[in-house]
$ cat upload.cif   # mmCIF, C-alpha atoms
data_start
#
loop_
_atom_site.label_atom_id
_atom_site.label_comp_id
_atom_site.auth_asym_id
_atom_site.auth_seq_id
_atom_site.Cartn_x
_atom_site.Cartn_y
_atom_site.Cartn_z
CA ILE A 1 -26.64 -2.06 -15.67
CA ARG A 2 -28.12 0.75 -17.77
CA ARG A 3 -28.58 -1.53 -20.79
CA ASN A 4 -30.29 -4.12 -18.59
CA MET A 5 -32.66 -1.46 -17.26
CA GLN A 6 -33.49 -0.36 -20.83
CA ASP A 7 -34.20 -3.95 -21.86
CA GLU A 8 -36.37 -4.46 -18.78
CA LEU A 9 -38.37 -1.31 -19.54
CA ILE A 10 -38.97 -2.52 -23.10
CA ARG A 11 -40.00 -5.96 -21.82
CA LEU A 12 -42.44 -4.46 -19.30
CA GLN A 13 -44.03 -2.22 -21.91
CA ARG A 14 -44.58 -5.17 -24.25
CA GLU A 15 -45.93 -7.35 -21.47
CA LEU A 16 -48.24 -4.77 -19.87
CA HIS A 17 -49.30 -2.92 -23.06
CA LYS A 18 -49.15 0.40 -21.22
CA THR A 19 -47.95 3.76 -22.41
CA ILE A 20 -44.67 4.79 -20.84
CA VAL A 21 -43.36 8.34 -20.91
CA PHE A 22 -39.58 8.23 -20.60
CA ILE A 23 -37.56 11.44 -20.48
CA THR A 24 -33.89 11.34 -21.43
CA HIS A 25 -31.17 13.56 -22.85
CA ASP A 26 -29.49 10.51 -24.44
CA LEU A 27 -30.57 10.21 -28.09
CA ASP A 28 -29.27 6.65 -28.42
CA GLU A 29 -31.36 5.65 -25.41
CA ALA A 30 -34.44 7.36 -26.87
CA LEU A 31 -33.93 5.58 -30.19
CA LYS A 32 -33.62 2.21 -28.46
CA ILE A 33 -36.57 2.55 -26.09
CA GLY A 34 -39.03 4.82 -27.86
CA ASP A 35 -41.53 3.99 -30.56
CA ARG A 36 -42.33 7.73 -30.71
CA ILE A 37 -39.83 10.43 -29.86
CA ALA A 38 -40.24 14.15 -29.29
CA ILE A 39 -37.30 16.47 -29.97
CA MET A 40 -37.52 19.69 -27.98
CA ARG A 41 -35.77 23.04 -28.26
CA ASP A 42 -36.20 25.87 -25.80
CA GLY A 43 -39.09 24.02 -24.13
CA LYS A 44 -41.04 23.51 -27.36
CA ILE A 45 -41.50 20.36 -29.42
CA VAL A 46 -39.88 20.82 -32.83
CA GLN A 47 -40.51 17.29 -34.14
CA ILE A 48 -42.39 14.24 -32.93
CA GLY A 49 -42.61 10.83 -34.53
CA PRO A 50 -41.09 7.36 -34.78
CA PRO A 51 -37.29 7.11 -34.58
CA GLU A 52 -37.02 6.40 -38.32
CA ALA A 53 -38.90 9.58 -39.23
CA ILE A 54 -36.90 11.74 -36.83
CA VAL A 55 -33.55 10.51 -38.16
CA LEU A 56 -34.36 10.10 -41.86
CA ASN A 57 -36.62 13.15 -42.28
CA PRO A 58 -35.57 15.84 -39.81
CA ALA A 59 -38.04 18.71 -39.58
CA ASN A 60 -35.36 21.41 -39.53
CA GLU A 61 -31.62 22.08 -39.22
CA TYR A 62 -31.73 21.72 -35.43
CA VAL A 63 -33.09 18.16 -35.62
CA ALA A 64 -30.73 17.32 -38.50
CA GLU A 65 -27.75 18.45 -36.43
CA PHE A 66 -29.07 16.66 -33.33
CA THR A 67 -29.36 13.35 -35.21
CA ARG A 68 -26.28 13.80 -37.43
CA ASP A 69 -24.15 11.08 -35.80
CA VAL A 70 -26.85 8.39 -35.64
CA ARG A 71 -25.98 5.33 -37.69
CA ARG A 72 -28.95 5.18 -40.08
CA GLU A 73 -28.78 1.41 -40.48
CA SER A 74 -29.17 0.99 -36.71
CA ILE A 75 -32.68 2.51 -36.66
CA LEU A 76 -33.93 1.50 -40.10
CA LYS A 77 -36.48 -1.32 -40.19
CA ALA A 78 -37.09 -3.28 -43.37
CA SER A 79 -40.84 -2.76 -43.03
CA GLY A 80 -40.29 0.98 -43.30
CA VAL A 81 -38.84 0.78 -46.80
CA MET A 82 -40.69 -2.19 -48.30
CA THR A 83 -42.91 -1.74 -51.31
CA ALA A 84 -44.36 -4.38 -53.60
CA PRO A 85 -43.56 -4.18 -57.32
CA ALA A 86 -46.47 -2.88 -59.40
CA TRP A 87 -47.04 -6.32 -60.96
CA CYS A 88 -47.28 -7.94 -57.51
CA SER A 89 -50.78 -7.32 -56.23
CA PRO A 90 -52.92 -9.80 -54.32
CA PRO A 91 -55.87 -11.46 -56.00
CA ALA A 92 -59.19 -10.01 -54.86
CA ARG A 93 -60.08 -13.24 -53.05
CA LEU A 94 -56.90 -13.22 -50.90
CA PRO A 95 -57.21 -11.25 -47.65
CA ARG A 96 -54.85 -8.26 -47.64
CA ARG A 97 -53.49 -9.12 -44.19
CA ARG A 98 -52.01 -12.38 -45.52
CA TRP A 99 -50.33 -10.81 -48.54
CA ARG A 100 -46.62 -10.00 -48.40
CA PRO A 101 -44.51 -7.87 -50.74
CA TRP A 102 -41.97 -9.65 -52.87
CA LYS A 103 -38.89 -7.45 -52.77
CA ALA A 104 -37.52 -4.49 -50.84
CA THR A 105 -34.38 -2.56 -51.66
CA VAL A 106 -32.69 -0.15 -49.29
CA PRO A 107 -30.89 2.30 -51.58
CA PRO A 108 -27.64 3.94 -50.49
CA ARG A 109 -28.12 7.45 -49.16
CA PRO A 110 -25.70 10.04 -47.83
CA GLY A 111 -24.26 8.75 -44.60
CA TRP A 112 -25.34 5.16 -45.22
CA SER A 113 -22.77 2.43 -45.53
CA ILE A 114 -25.05 -0.36 -46.76
CA ARG A 115 -27.29 -1.32 -49.65
CA THR A 116 -29.40 -4.43 -49.26
CA THR A 117 -32.23 -6.25 -50.93
CA VAL A 118 -34.71 -8.47 -49.11
CA THR A 119 -36.62 -10.97 -51.25
CA TRP A 120 -39.40 -13.44 -50.42
CA GLY A 121 -42.44 -14.99 -52.05
CA CYS A 122 -45.13 -12.82 -53.55
#
$ encode --input "upload.cif" --output "structure tokens"
Amino acid sequence: IRRNMQDELIRLQRELHKTIVFITHDLDEALKIGDRIAIMRDGKIVQIGPPEAIVLNPANEYVAEFTRDVRRESILKASGVMTAPAWCSPPARLPRRRWRPWKATVPPRPGWSIRTTVTWGC
């Protein structure tokens, strides 16, 4: 039932386009529901940001320890690591919003169990 409630909360937020403040002590729940997360210690915010930034770039040892057991591939989005090769730039006449990078590679990092490459037209 908890998973269904999480999915329903996400659906409502997308449908209503309203900000939702959700307080939890469950990091996995925060990573699933939140598009911005605040990590607190002793009543003070020590890091705030998207789940990817919290997990991949912890602000200090406390946050690193707090997020230590998170499976990195479960929170990583391809759009967060995509960059276009230097030779792949849109012509001046093509609107930037319609241009897509050609290739993205997710390099292996400590704690990661995957390496993948995503390729599509430039």
$ atom_distance --input "upload.cif" --atom1 "CA of Asn4 (chain A)" --atom2 "CA of Leu27 (chain A)"
17.2 Å
$ resolve_selection --input "upload.cif" --expression "the PyMOL selection byres ((chain A and resi 41) around 12)" --output "number ranges by chain"
A: 25, 38-40, 42-48, 60-63, 66
$ write_last_selection --input "upload.cif" --atoms "C-alpha atoms" --output "CSV table (one decimal), in the coordinates of the input"
chain,number,residue,atom,x,y,z
A,25,HIS,CA,-31.2,13.6,-22.8
A,38,ALA,CA,-40.2,14.2,-29.3
A,39,ILE,CA,-37.3,16.5,-30.0
A,40,MET,CA,-37.5,19.7,-28.0
A,42,ASP,CA,-36.2,25.9,-25.8
A,43,GLY,CA,-39.1,24.0,-24.1
A,44,LYS,CA,-41.0,23.5,-27.4
A,45,ILE,CA,-41.5,20.4,-29.4
A,46,VAL,CA,-39.9,20.8,-32.8
A,47,GLN,CA,-40.5,17.3,-34.1
A,48,ILE,CA,-42.4,14.2,-32.9
A,60,ASN,CA,-35.4,21.4,-39.5
A,61,GLU,CA,-31.6,22.1,-39.2
A,62,TYR,CA,-31.7,21.7,-35.4
A,63,VAL,CA,-33.1,18.2,-35.6
A,66,PHE,CA,-29.1,16.7,-33.3
$ residues_around --input "upload.cif" --residues "region 6-13 of chain A" --least-positions-apart "3" --cutoff "12 Å" --atoms "all atoms listed in the file" --output "JSON, numbers by chain"
{"A": [1, 2, 3, 16, 17, 18, 19, 20, 21, 22, 24, 28, 29, 30, 31, 32, 33, 34, 35]}
$ atom_distance --input "upload.cif" --atom1 "CA of Val70 (chain A)" --atom2 "CA of Val55 (chain A)"
7.5 Å
$ atom_distance --input "upload.cif" --atom1 "CA of Arg72 (chain A)" --atom2 "CA of Glu15 (chain A)"
28.1 Å
$ closest_residue --input "upload.cif" --among "A:Glu52, A:Ala64, A:Ala59, A:Asp26" --to "Leu76 (chain A)" --atoms "only C-alpha atoms"
A:Glu52
